[in-house]
$ cat upload-v1.csv   # CSV, C-alpha atoms and all ligand atoms
chain,number,residue,atom,x,y,z
C,1,MET,CA,-2.4,24.3,15.6
C,2,LYS,CA,1.1,24.8,14.2
C,3,ILE,CA,2.8,22.4,11.8
C,4,VAL,CA,6.3,22.5,10.3
C,5,VAL,CA,7.1,20.8,7.0
C,6,CYS,CA,10.8,19.9,6.9
C,7,ALA,CA,12.1,18.5,3.6
C,8,ALA,CA,13.8,19.6,0.4
C,9,ARG,CA,12.0,22.6,-1.0
C,10,SER,CA,10.7,20.7,-4.0
C,11,VAL,CA,8.9,18.3,-1.5
C,12,ALA,CA,8.1,20.8,1.3
C,13,GLU,CA,6.3,23.4,-0.8
C,14,PRO,CA,3.7,21.0,-2.4
C,15,CYS,CA,3.3,19.3,1.0
C,16,ALA,CA,2.6,22.6,2.7
C,17,GLN,CA,0.1,23.5,0.0
C,18,ALA,CA,-1.7,20.2,0.4
C,19,LEU,CA,-1.7,20.6,4.2
C,20,ARG,CA,-3.2,24.0,4.0
C,21,ALA,CA,-6.0,22.6,1.8
C,22,ALA,CA,-6.6,19.7,4.2
C,23,LEU,CA,-6.3,21.6,7.4
C,24,PRO,CA,-7.3,25.3,6.6
C,25,GLU,CA,-7.2,26.3,10.3
C,26,ALA,CA,-3.6,25.1,10.8
C,27,GLN,CA,-0.5,27.5,10.7
C,28,VAL,CA,1.9,25.8,8.3
C,29,ARG,CA,5.5,26.7,8.2
C,30,LEU,CA,8.4,25.4,6.0
C,31,ARG,CA,11.8,24.4,7.2
C,32,VAL,CA,13.8,23.6,4.1
C,33,GLY,CA,17.4,22.6,3.6
C,34,PRO,CA,19.3,19.4,4.2
C,35,GLY,CA,21.2,20.3,7.4
C,36,PRO,CA,22.7,22.9,9.6
C,37,VAL,CA,25.5,23.8,7.2
C,38,ALA,CA,23.1,24.5,4.3
C,39,ASP,CA,20.8,26.4,6.7
C,40,ALA,CA,23.3,29.2,6.9
C,41,GLY,CA,22.6,30.2,3.4
C,42,LEU,CA,18.8,30.0,3.7
C,43,SER,CA,16.5,33.0,4.1
C,44,ALA,CA,15.3,33.8,7.6
C,45,GLN,CA,11.8,32.5,7.1
C,46,THR,CA,13.0,28.9,6.5
C,47,VAL,CA,14.2,28.2,10.1
C,48,ARG,CA,12.0,29.0,13.1
C,49,GLN,CA,12.8,32.3,14.6
C,50,PRO,CA,12.9,32.5,18.4
C,51,ALA,CA,9.8,34.8,18.4
C,52,SER,CA,7.6,32.4,16.3
C,53,PRO,CA,5.7,29.8,18.3
C,54,PRO,CA,7.1,26.2,18.2
C,55,ALA,CA,5.3,23.6,16.1
C,56,ASP,CA,2.9,21.0,17.4
C,57,TYR,CA,3.5,18.5,14.6
C,58,ALA,CA,6.2,18.0,11.9
C,59,LEU,CA,6.1,16.4,8.5
C,60,LEU,CA,9.6,15.2,7.7
C,61,TRP,CA,11.8,13.8,5.1
C,62,LYS,CA,15.5,13.6,5.9
C,63,PRO,CA,15.4,16.3,8.6
C,64,PRO,CA,18.6,18.0,9.9
C,65,ALA,CA,19.6,16.9,13.4
C,66,ALA,CA,19.1,20.4,14.6
C,67,LEU,CA,15.3,20.3,14.0
C,68,PHE,CA,14.5,18.7,17.3
C,69,GLU,CA,16.3,21.4,19.2
C,70,GLU,CA,14.6,24.1,17.2
C,71,GLU,CA,11.2,22.5,17.7
C,72,PRO,CA,10.9,21.6,21.4
C,73,ALA,CA,7.1,21.3,21.6
C,74,LEU,CA,6.4,18.6,19.0
C,75,LYS,CA,3.6,16.2,20.0
C,76,ALA,CA,4.4,13.8,17.1
C,77,VAL,CA,6.3,13.6,13.8
C,78,PHE,CA,5.1,12.2,10.5
C,79,VAL,CA,7.5,10.7,8.1
C,80,LEU,CA,6.8,11.4,4.4
C,81,GLY,CA,7.6,7.8,3.5
C,82,ALA,CA,7.0,4.2,4.6
C,83,GLY,CA,10.6,3.6,5.9
C,84,VAL,CA,11.7,5.3,9.1
C,85,ASP,CA,15.2,3.8,9.4
C,86,ALA,CA,17.0,7.1,8.5
C,87,LEU,CA,15.0,9.1,11.1
C,88,LEU,CA,15.4,6.6,13.9
C,89,ALA,CA,19.2,6.7,13.3
C,90,LEU,CA,19.3,10.4,14.2
C,91,PRO,CA,20.7,10.7,17.7
C,92,SER,CA,18.9,14.0,18.3
C,93,LEU,CA,15.5,12.4,17.9
C,94,PRO,CA,13.9,12.6,21.3
C,95,PRO,CA,13.3,9.0,22.6
C,96,ALA,CA,9.7,9.5,23.6
C,97,LEU,CA,8.5,11.5,20.6
C,98,PRO,CA,5.9,9.5,18.7
C,99,VAL,CA,7.0,8.8,15.1
C,100,ILE,CA,4.3,7.9,12.6
C,101,ARG,CA,5.0,6.4,9.1
C,102,LEU,CA,2.9,6.5,6.0
C,103,GLU,CA,0.6,3.4,5.6
C,104,ASP,CA,0.4,2.7,1.8
C,105,ALA,CA,-0.8,6.3,0.9
C,106,GLY,CA,-0.7,5.4,-2.8
C,107,MET,CA,2.7,3.5,-2.7
C,108,ALA,CA,1.5,-0.1,-2.5
C,109,GLY,CA,-0.1,-0.1,-6.0
C,110,PRO,CA,3.0,1.2,-7.9
C,111,MET,CA,5.2,-1.1,-5.8
C,112,ALA,CA,3.1,-4.1,-6.7
C,113,ASP,CA,3.3,-3.0,-10.4
C,114,TYR,CA,7.1,-2.8,-10.2
C,115,VAL,CA,7.5,-6.2,-8.6
C,116,LEU,CA,5.0,-7.8,-10.9
C,117,ALA,CA,6.8,-6.4,-14.0
C,118,ALA,CA,10.1,-7.8,-12.7
C,119,VAL,CA,8.6,-11.2,-11.8
C,120,MET,CA,7.0,-11.5,-15.2
C,121,ARG,CA,10.2,-10.5,-16.9
C,122,VAL,CA,12.0,-13.3,-15.1
C,123,HIS,CA,9.3,-15.9,-15.5
C,124,ARG,CA,8.8,-15.2,-19.2
C,125,ARG,CA,12.7,-15.3,-19.7
C,126,PHE,CA,13.1,-11.8,-21.1
C,127,ASP,CA,16.5,-11.6,-19.5
C,128,ARG,CA,17.5,-14.8,-21.3
C,129,PHE,CA,16.0,-13.6,-24.6
C,130,ALA,CA,18.0,-10.3,-24.3
C,131,ALA,CA,21.2,-12.3,-24.0
C,132,HIS,CA,20.2,-14.4,-27.1
C,133,GLN,CA,19.4,-11.3,-29.0
C,134,ARG,CA,22.9,-9.8,-28.2
C,135,ALA,CA,24.4,-13.0,-29.6
C,136,GLN,CA,22.0,-13.0,-32.6
C,137,ARG,CA,20.7,-16.4,-31.5
C,138,TRP,CA,17.2,-17.7,-32.3
C,139,HIS,CA,16.6,-19.8,-29.3
C,140,GLU,CA,13.5,-20.9,-27.4
C,141,GLU,CA,13.4,-21.0,-23.6
C,142,PRO,CA,11.0,-23.2,-21.7
C,143,VAL,CA,8.5,-21.4,-19.5
C,144,ARG,CA,7.0,-23.1,-16.5
C,145,PRO,CA,3.3,-22.7,-15.6
C,146,LYS,CA,2.8,-19.8,-13.2
C,147,ALA,CA,1.3,-22.0,-10.5
C,148,GLN,CA,4.7,-23.8,-10.3
C,149,PHE,CA,6.8,-20.6,-10.2
C,150,GLN,CA,7.6,-20.0,-6.6
C,151,VAL,CA,7.8,-16.4,-5.5
C,152,GLY,CA,8.5,-15.4,-1.9
C,153,VAL,CA,7.8,-12.0,-0.4
C,154,LEU,CA,9.7,-10.8,2.6
C,155,GLY,CA,7.5,-8.5,4.6
C,156,LEU,CA,3.7,-8.5,4.5
C,157,GLY,CA,2.9,-5.0,5.8
C,158,ALA,CA,1.0,-2.2,4.1
C,159,ILE,CA,3.1,-2.5,0.9
C,160,GLY,CA,4.5,-6.1,1.1
C,161,GLY,CA,1.0,-7.5,1.7
C,162,GLU,CA,-0.3,-5.8,-1.4
C,163,VAL,CA,2.7,-7.0,-3.5
C,164,ALA,CA,2.0,-10.6,-2.3
C,165,ARG,CA,-1.7,-10.3,-3.0
C,166,VAL,CA,-1.2,-9.0,-6.6
C,167,LEU,CA,1.4,-11.8,-7.4
C,168,ALA,CA,-1.0,-14.5,-6.1
C,169,ALA,CA,-3.9,-13.0,-8.0
C,170,GLN,CA,-1.8,-13.3,-11.2
C,171,GLY,CA,-1.5,-17.1,-10.5
C,172,TYR,CA,2.0,-17.3,-9.1
C,173,ALA,CA,2.8,-19.7,-6.2
C,174,VAL,CA,3.3,-17.1,-3.5
C,175,ARG,CA,4.8,-17.4,0.0
C,176,GLY,CA,5.0,-14.5,2.4
C,177,TYR,CA,7.2,-14.1,5.5
C,178,ALA,CA,6.6,-11.7,8.4
C,179,ARG,CA,7.2,-11.7,12.2
C,180,THR,CA,3.6,-12.6,12.8
C,181,PRO,CA,1.2,-14.8,10.7
C,182,HIS,CA,-0.8,-13.1,8.0
C,183,THR,CA,-3.9,-14.0,6.0
C,184,VAL,CA,-3.4,-12.8,2.4
C,185,PRO,CA,-5.6,-14.5,-0.3
C,186,GLY,CA,-3.7,-17.1,-2.2
C,187,VAL,CA,-0.5,-16.6,-0.1
C,188,GLN,CA,1.1,-19.2,2.1
C,189,SER,CA,2.1,-17.5,5.3
C,190,PHE,CA,5.4,-18.1,7.1
C,191,ALA,CA,6.0,-16.4,10.5
C,192,GLY,CA,9.0,-15.9,12.7
C,193,PRO,CA,12.7,-17.0,12.5
C,194,GLY,CA,11.8,-20.7,12.9
C,195,ALA,CA,9.9,-20.6,9.6
C,196,PHE,CA,12.5,-18.6,7.6
C,197,ASP,CA,14.4,-21.5,6.0
C,198,GLY,CA,11.2,-23.2,5.0
C,199,PHE,CA,10.0,-19.9,3.4
C,200,LEU,CA,13.2,-19.6,1.4
C,201,HIS,CA,13.6,-23.2,0.3
C,202,GLY,CA,13.6,-23.5,-3.5
C,203,LEU,CA,12.1,-20.1,-4.3
C,204,ASP,CA,12.5,-19.0,-7.9
C,205,VAL,CA,12.2,-15.3,-7.0
C,206,LEU,CA,12.8,-13.6,-3.6
C,207,VAL,CA,11.2,-10.2,-3.2
C,208,ASN,CA,12.3,-8.0,-0.3
C,209,VAL,CA,9.8,-5.5,1.1
C,210,LEU,CA,11.1,-5.4,4.7
C,211,PRO,CA,11.8,-2.3,6.8
C,212,LEU,CA,15.4,-1.8,7.7
C,213,THR,CA,15.8,-2.6,11.4
C,214,PRO,CA,18.7,-4.0,13.5
C,215,GLU,CA,17.1,-7.5,12.9
C,216,THR,CA,16.8,-7.2,9.1
C,217,PHE,CA,20.1,-5.4,8.4
C,218,GLY,CA,22.1,-7.7,6.0
C,219,ILE,CA,19.3,-10.3,5.9
C,220,LEU,CA,19.9,-10.8,2.1
C,221,ASN,CA,23.2,-12.6,2.6
C,222,ARG,CA,25.1,-15.6,1.2
C,223,ALA,CA,23.4,-18.1,3.7
C,224,THR,CA,19.9,-16.7,2.9
C,225,LEU,CA,20.3,-16.5,-0.8
C,226,ALA,CA,21.9,-20.0,-1.0
C,227,ARG,CA,18.5,-21.5,0.1
C,228,LEU,CA,16.8,-20.3,-3.1
C,229,ALA,CA,16.4,-22.5,-6.2
C,230,HIS,CA,19.4,-22.8,-8.4
C,231,GLY,CA,19.3,-19.9,-10.9
C,232,ALA,CA,16.9,-17.9,-8.7
C,233,HIS,CA,16.4,-14.1,-9.0
C,234,LEU,CA,16.4,-11.5,-6.2
C,235,ILE,CA,14.2,-8.4,-6.2
C,236,ASN,CA,15.2,-5.8,-3.6
C,237,VAL,CA,12.8,-2.9,-3.1
C,238,GLY,CA,13.3,-2.6,0.7
C,239,ARG,CA,16.5,-0.9,1.6
C,240,GLY,CA,20.1,-1.2,0.3
C,241,ALA,CA,21.5,-2.2,3.6
C,242,HIS,CA,19.3,-5.4,3.6
C,243,LEU,CA,21.7,-6.8,1.0
C,244,VAL,CA,25.3,-7.9,1.4
C,245,GLU,CA,26.3,-6.7,-2.0
C,246,ALA,CA,29.5,-8.7,-2.2
C,247,ASP,CA,27.5,-11.9,-1.4
C,248,LEU,CA,25.2,-11.1,-4.3
C,249,LEU,CA,28.1,-10.7,-6.7
C,250,ALA,CA,29.7,-14.0,-5.5
C,251,LEU,CA,26.4,-15.9,-6.0
C,252,LEU,CA,26.0,-14.4,-9.5
C,253,ASP,CA,29.5,-15.4,-10.4
C,254,ALA,CA,28.9,-18.9,-9.1
C,255,GLY,CA,25.7,-19.2,-11.2
C,256,LYS,CA,23.7,-19.9,-8.0
C,257,LEU,CA,21.6,-16.8,-8.7
C,258,ALA,CA,20.8,-15.9,-12.3
C,259,GLY,CA,20.0,-12.2,-11.7
C,260,ALA,CA,18.7,-9.4,-9.6
C,261,THR,CA,16.4,-6.4,-9.9
C,262,LEU,CA,17.6,-3.7,-7.5
C,263,ASP,CA,15.9,-0.4,-6.7
C,264,VAL,CA,17.8,0.4,-3.4
C,265,PHE,CA,21.5,0.4,-2.6
C,266,ALA,CA,23.8,0.7,0.3
C,267,THR,CA,25.0,4.0,-1.2
C,268,GLU,CA,22.6,6.2,-3.2
C,269,PRO,CA,23.1,7.4,-5.8
C,270,LEU,CA,25.0,4.3,-6.8
C,271,PRO,CA,28.7,5.4,-7.1
C,272,PRO,CA,30.1,5.6,-10.7
C,273,ASN,CA,32.6,2.9,-10.2
C,274,HIS,CA,30.2,0.4,-8.5
C,275,PRO,CA,30.4,-3.1,-9.9
C,276,PHE,CA,26.6,-3.4,-10.2
C,277,TRP,CA,26.6,-0.9,-13.2
C,278,ALA,CA,28.4,-3.3,-15.5
C,279,ARG,CA,26.5,-6.5,-14.6
C,280,SER,CA,24.1,-7.5,-17.4
C,281,GLU,CA,22.4,-9.9,-14.9
C,282,ILE,CA,21.4,-6.9,-12.7
C,283,VAL,CA,18.6,-4.6,-13.6
C,284,LEU,CA,18.9,-1.5,-11.5
C,285,THR,CA,16.6,1.5,-11.0
C,286,PRO,CA,17.3,4.7,-9.0
C,287,HIS,CA,15.0,4.1,-5.9
C,288,VAL,CA,11.8,4.7,-7.9
C,289,SER,CA,9.7,1.6,-7.3
C,290,ALA,CA,7.2,3.5,-5.1
C,291,VAL,CA,7.7,7.2,-4.6
C,292,THR,CA,5.6,9.2,-2.1
C,293,GLU,CA,2.6,10.8,-3.7
C,294,ILE,CA,2.2,14.1,-2.0
C,295,VAL,CA,-1.6,14.6,-1.9
C,296,PRO,CA,-2.7,11.2,-0.6
C,297,ALA,CA,0.3,11.2,1.8
C,298,VAL,CA,-0.6,14.6,3.3
C,299,GLU,CA,-4.3,13.8,3.4
C,300,GLN,CA,-3.5,10.7,5.4
C,301,ILE,CA,-1.3,12.7,7.7
C,302,ALA,CA,-4.0,15.4,8.1
C,303,ARG,CA,-6.6,12.8,9.1
C,304,LYS,CA,-4.2,11.4,11.7
C,305,ILE,CA,-3.4,14.9,13.1
C,306,VAL,CA,-7.2,15.4,13.6
C,307,ALA,CA,-7.5,12.0,15.2
C,308,LEU,CA,-4.6,12.8,17.6
C,309,GLU,CA,-6.1,16.2,18.5
C,310,ASN,CA,-9.3,14.3,19.4
C,311,GLY,CA,-7.4,11.9,21.6
C,312,ALA,CA,-7.9,8.9,19.2
C,313,ALA,CA,-5.3,6.3,18.3
C,314,VAL,CA,-3.7,6.3,14.8
C,315,GLY,CA,-2.2,3.6,12.6
C,316,GLY,CA,1.4,3.7,11.5
C,317,LEU,CA,2.8,4.5,15.0
C,318,VAL,CA,6.4,3.3,14.9
C,319,ASP,CA,7.4,0.9,17.7
C,320,ARG,CA,10.9,2.4,18.5
C,321,ALA,CA,12.1,-0.9,20.1
C,322,ARG,CA,11.1,-3.0,17.0
C,323,GLY,CA,12.4,-0.3,14.6
C,324,TYR,CA,9.3,-0.1,12.3
C,401,LIG,P1,5.1,-2.1,7.3
C,401,LIG,O1,5.7,-1.6,8.5
C,401,LIG,O2,3.7,-1.9,7.0
C,401,LIG,O3,5.4,-3.7,7.2
C,401,LIG,C1,6.6,-4.3,7.5
C,401,LIG,C2,6.5,-5.8,7.4
C,401,LIG,O4,7.8,-6.4,7.6
C,401,LIG,C3,5.5,-6.4,8.3
C,401,LIG,O5,4.8,-7.5,7.7
C,401,LIG,C4,6.5,-7.0,9.4
C,401,LIG,O6,6.0,-8.1,10.1
C,401,LIG,C5,7.7,-7.4,8.6
C,401,LIG,N1,8.9,-7.4,9.4
C,401,LIG,C6,9.5,-6.5,10.1
C,401,LIG,N2,10.6,-6.9,10.7
C,401,LIG,C7,10.7,-8.2,10.5
C,401,LIG,C8,11.5,-9.3,10.8
C,401,LIG,N3,12.6,-9.0,11.6
C,401,LIG,N4,11.3,-10.5,10.4
C,401,LIG,C9,10.2,-10.8,9.6
C,401,LIG,N5,9.3,-9.8,9.2
C,401,LIG,C10,9.6,-8.6,9.6
C,401,LIG,O7,6.0,-1.5,6.1
C,401,LIG,P2,5.6,-1.2,4.6
C,401,LIG,O8,5.0,-2.5,4.0
C,401,LIG,O9,4.7,0.0,4.5
C,401,LIG,O10,7.0,-0.9,4.0
C,401,LIG,C11,8.1,-1.8,4.0
C,401,LIG,C12,9.4,-1.2,3.6
C,401,LIG,O11,9.4,-1.0,2.2
C,401,LIG,C13,9.7,0.2,4.2
C,401,LIG,O12,10.1,0.1,5.5
C,401,LIG,C14,10.7,0.7,3.2
C,401,LIG,O13,12.0,0.4,3.7
C,401,LIG,C15,10.4,0.0,1.9
C,401,LIG,N6,9.9,0.9,0.9
C,401,LIG,C16,10.7,1.2,-0.2
C,401,LIG,C17,10.3,2.0,-1.2
C,401,LIG,C18,11.1,2.2,-2.4
C,401,LIG,O14,10.8,3.2,-3.2
C,401,LIG,N7,12.0,1.4,-2.7
C,401,LIG,C19,9.0,2.8,-1.1
C,401,LIG,C20,8.3,2.4,0.1
C,401,LIG,C21,8.7,1.6,1.1
C,401,LIG,P3,4.6,-8.1,11.0
C,401,LIG,O15,3.5,-7.8,10.0
C,401,LIG,O16,4.5,-9.4,11.6
C,401,LIG,O17,4.8,-6.9,12.0

$ encode --input "upload-v1.csv" --output "structure tokens"
Amino acid sequence: MKIVVCAARSVAEPCAQALRAALPEAQVRLRVGPGPVADAGLSAQTVRQPASPPADYALLWKPPAALFEEEPALKAVFVLGAGVDALLALPSLPPALPVIRLEDAGMAGPMADYVLAAVMRVHRRFDRFAAHQRAQRWHEEPVRPKAQFQVGVLGLGAIGGEVARVLAAQGYAVRGYARTPHTVPGVQSFAGPGAFDGFLHGLDVLVNVLPLTPETFGILNRATLARLAHGAHLINVGRGAHLVEADLLALLDAGKLAGATLDVFATEPLPPNHPFWARSEIVLTPHVSAVTEIVPAVEQIARKIVALENGAAVGGLVDRARGY
């Protein structure tokens, strides 16, 4: 079996090492470099030579469009992340090629930690205390019981489901929204567009863990965010394009929202002159809420390759029409 790993060298090399350990019989090849232009400067071994046999499977992160021409015999591709929006946007991706995403693979726990830390910071008024400290003001802030603090989680998949479960286990009043009903301990489930307004109504914190699809693009907009409680907080760990950035700024200016914790942005890295940098109500982090952990990710992929070779079904198969 032949497998190509296509990603930046810093990711591709440890992936290939983990893959060789998990599947010793496989021939593993690297294909590094961000795109066809950069390929010109790479050594010959990094791009498949016409004489070398094409790969059966590919492990990918931000592949160049040319990859799918170079590798005409792929049976499936595995994305080294949970989000597949960037890959599905590539016009060269063959329409019938199965795309398989990571399912948790070590990301759900760190993501839940990140969101819990942000929710607690908001609930315990640390943002307010920081403002008081800057003004040298000794001022108490009222704190509501956790059970009355309403947190909504958009997306109850492999990662969002764990985020909601952890928040509920901490005692927060948690609602979850997905396309289909979910059973998560302690979480009130809302499903489908008809339930969206009820889900949003009066939330103190809205957490976005949705995949980016044509249906969810721009879902964090003025109309959506206006349904939250006055002075609510937004946490976006999904994708930057979920958020209409100008709407967030307008709602912060109007005092409707008190703040936001943002890990993802429409343009990454966030450009130097972007207005978010200067907003004290926004806590921003550079897309680090849950990074792919190479060994568990590759071990999960290796198990799925073995299953596919044995004709078995695997989880994480992306529905190309749905977009996730
Ligand atoms: P899953 O595919 O497991 O879950 C997606 C969830 O979103 C499901 O509950 C699904 O509903 C729901 N959903 C999808 N479309 C809609 C819609 N139109 N309306 C309502 N609900 C919808 O994904 P993961 O939980 O593994 O990951 C979610 C996203 O998190 C990724 O796509 C990625 O964008 C982001 N992410 C960000 C990271 C970061 O570092 N910031 C790291 C990892 C992931 P249903 O269950 O009914 O199908």

$ closest_residue --input "upload-v1.csv" --among "C:Gly109, C:Pro185, C:Gly198, C:Gly81" --to "ligand LIG 401 (chain C)" --atoms "all atoms listed in the file"
C:Gly81

$ residues_around --input "upload-v1.csv" --residues "Tyr114 of chain C" --least-positions-apart "5" --cutoff "10 Å" --atoms "only C-alpha atoms" --output "list in words"
Ala108, Gly109, Val119, Val163, Ile235, Val237, Thr261, Asp263, Val288, Ser289 and Ala290 of chain C

$ write_last_selection --input "upload-v1.csv" --atoms "C-alpha atoms" --output "PDB file, keeping the file's coordinate frame"
ATOM      1  CA  ALA C 108       1.500  -0.100  -2.500  1.00  0.00           C
ATOM      2  CA  GLY C 109      -0.100  -0.100  -6.000  1.00  0.00           C
ATOM      3  CA  VAL C 119       8.600 -11.200 -11.800  1.00  0.00           C
ATOM      4  CA  VAL C 163       2.700  -7.000  -3.500  1.00  0.00           C
ATOM      5  CA  ILE C 235      14.200  -8.400  -6.200  1.00  0.00           C
ATOM      6  CA  VAL C 237      12.800  -2.900  -3.100  1.00  0.00           C
ATOM      7  CA  THR C 261      16.400  -6.400  -9.900  1.00  0.00           C
ATOM      8  CA  ASP C 263      15.900  -0.400  -6.700  1.00  0.00           C
ATOM      9  CA  VAL C 288      11.800   4.700  -7.900  1.00  0.00           C
ATOM     10  CA  SER C 289       9.700   1.600  -7.300  1.00  0.00           C
ATOM     11  CA  ALA C 290       7.200   3.500  -5.100  1.00  0.00           C
TER      12      ALA C 290
END

$ residues_near_ligand --input "upload-v1.csv" --ligand "ligand LIG 401 (chain C)" --cutoff "6 Å" --atoms "only C-alpha atoms and all ligand atoms" --output "number ranges by chain"
C: 82-83, 103-104, 155-160, 178-180, 209-212, 215-216, 237-239, 263-264, 287-291, 324

$ write_last_selection --input "upload-v1.csv" --atoms "C-alpha atoms" --output "compact mmCIF listing (two decimals), in the coordinates of the input"
# COMPACT_ATOMS: atom_id res chain seq x y z
CA ALA C 82 7.00 4.20 4.60
CA GLY C 83 10.60 3.60 5.90
CA GLU C 103 0.60 3.40 5.60
CA ASP C 104 0.40 2.70 1.80
CA GLY C 155 7.50 -8.50 4.60
CA LEU C 156 3.70 -8.50 4.50
CA GLY C 157 2.90 -5.00 5.80
CA ALA C 158 1.00 -2.20 4.10
CA ILE C 159 3.10 -2.50 0.90
CA GLY C 160 4.50 -6.10 1.10
CA ALA C 178 6.60 -11.70 8.40
CA ARG C 179 7.20 -11.70 12.20
CA THR C 180 3.60 -12.60 12.80
CA VAL C 209 9.80 -5.50 1.10
CA LEU C 210 11.10 -5.40 4.70
CA PRO C 211 11.80 -2.30 6.80
CA LEU C 212 15.40 -1.80 7.70
CA GLU C 215 17.10 -7.50 12.90
CA THR C 216 16.80 -7.20 9.10
CA VAL C 237 12.80 -2.90 -3.10
CA GLY C 238 13.30 -2.60 0.70
CA ARG C 239 16.50 -0.90 1.60
CA ASP C 263 15.90 -0.40 -6.70
CA VAL C 264 17.80 0.40 -3.40
CA HIS C 287 15.00 4.10 -5.90
CA VAL C 288 11.80 4.70 -7.90
CA SER C 289 9.70 1.60 -7.30
CA ALA C 290 7.20 3.50 -5.10
CA VAL C 291 7.70 7.20 -4.60
CA TYR C 324 9.30 -0.10 12.30

$ closest_residue --input "upload-v1.csv" --among "C:Ala307, C:Ala135, C:Ala112, C:Ala130" --to "Val166 of chain C" --atoms "all atoms listed in the file"
C:Ala112

$ atom_distance --input "upload-v1.csv" --atom1 "atom CA of Ala86 of chain C" --atom2 "atom CA of Ala241 of chain C"
11.4 Å

$ residues_around --input "upload-v1.csv" --residues "Pro296 of chain C" --least-positions-apart "5" --cutoff "12 Å" --atoms "all atoms listed in the file" --output "PyMOL selection string"
chain C and resi 14-15+18-19+22+80-81+102-107+291+301-303

$ atom_distance --input "upload-v1.csv" --atom1 "atom CA of Glu281 of chain C" --atom2 "atom CA of Met111 of chain C"
21.4 Å

$ closest_residue --input "upload-v1.csv" --among "C:Arg144, C:His132, C:Arg279, C:Leu87" --to "Leu67 of chain C" --atoms "all atoms listed in the file"
C:Leu87

$ atom_distance --input "upload-v1.csv" --atom1 "atom CA of Arg9 of chain C" --atom2 "atom CA of Glu293 of chain C"
15.3 Å

$ residues_around --input "upload-v1.csv" --residues "Asp319 of chain C" --least-positions-apart "4" --cutoff "9 Å" --atoms "all atoms listed in the file" --output "tab-separated table (two decimals) with C-alpha atoms, in the frame of the given file"
chain	number	residue	atom	x	y	z
C	98	PRO	CA	5.90	9.50	18.70
C	99	VAL	CA	7.00	8.80	15.10
C	323	GLY	CA	12.40	-0.30	14.60
C	324	TYR	CA	9.30	-0.10	12.30

$ closest_residue --input "upload-v1.csv" --among "C:Asp247, C:Leu308, C:Ala232, C:Phe276" --to "Asp56 of chain C" --atoms "only C-alpha atoms"
C:Leu308

$ residues_around --input "upload-v1.csv" --residues "Leu225 of chain C" --least-positions-apart "6" --cutoff "9 Å" --atoms "all atoms listed in the file" --output "list of chain:residue names"
C:Leu200, C:Leu206, C:Ala232, C:Leu234, C:Asp247, C:Leu248, C:Leu251, C:Lys256, C:Leu257

$ residues_around --input "upload-v1.csv" --residues "Arg320 of chain C" --least-positions-apart "2" --cutoff "12 Å" --atoms "all atoms listed in the file" --output "list in words"
Val84, Asp85, Leu87, Leu88, Ala89, Leu93, Pro94, Pro95, Ala96, Leu97, Pro98, Val99, Ile100, Arg101, Thr213, Pro214, Gly316, Leu317, Val318, Arg322, Gly323 and Tyr324 of chain C

$ closest_residue --input "upload-v1.csv" --among "C:Gly240, C:Pro286, C:Gly231, C:Pro142" --to "Asp204 of chain C" --atoms "all atoms listed in the file"
C:Gly231

$ closest_residue --input "upload-v1.csv" --among "C:Glu70, C:Glu141, C:Asp113, C:Asp127" --to "His233 of chain C" --atoms "all atoms listed in the file"
C:Asp127

$ residues_near_point --input "upload-v1.csv" --point "(9.1, -15.6, 8.5)" --cutoff "9 Å" --atoms "only C-alpha atoms" --output "list in words"
Leu154, Gly155, Gly176, Tyr177, Ala178, Arg179, Thr180, Pro181, Ser189, Phe190, Ala191, Gly192, Pro193, Gly194, Ala195, Phe196, Asp197, Gly198 and Phe199 of chain C

$ residues_near_point --input "upload-v1.csv" --point "(4.1, 28.0, 19.0)" --cutoff "9 Å" --atoms "only C-alpha atoms" --output "PyMOL selection string"
chain C and resi 1-2+51-56+73
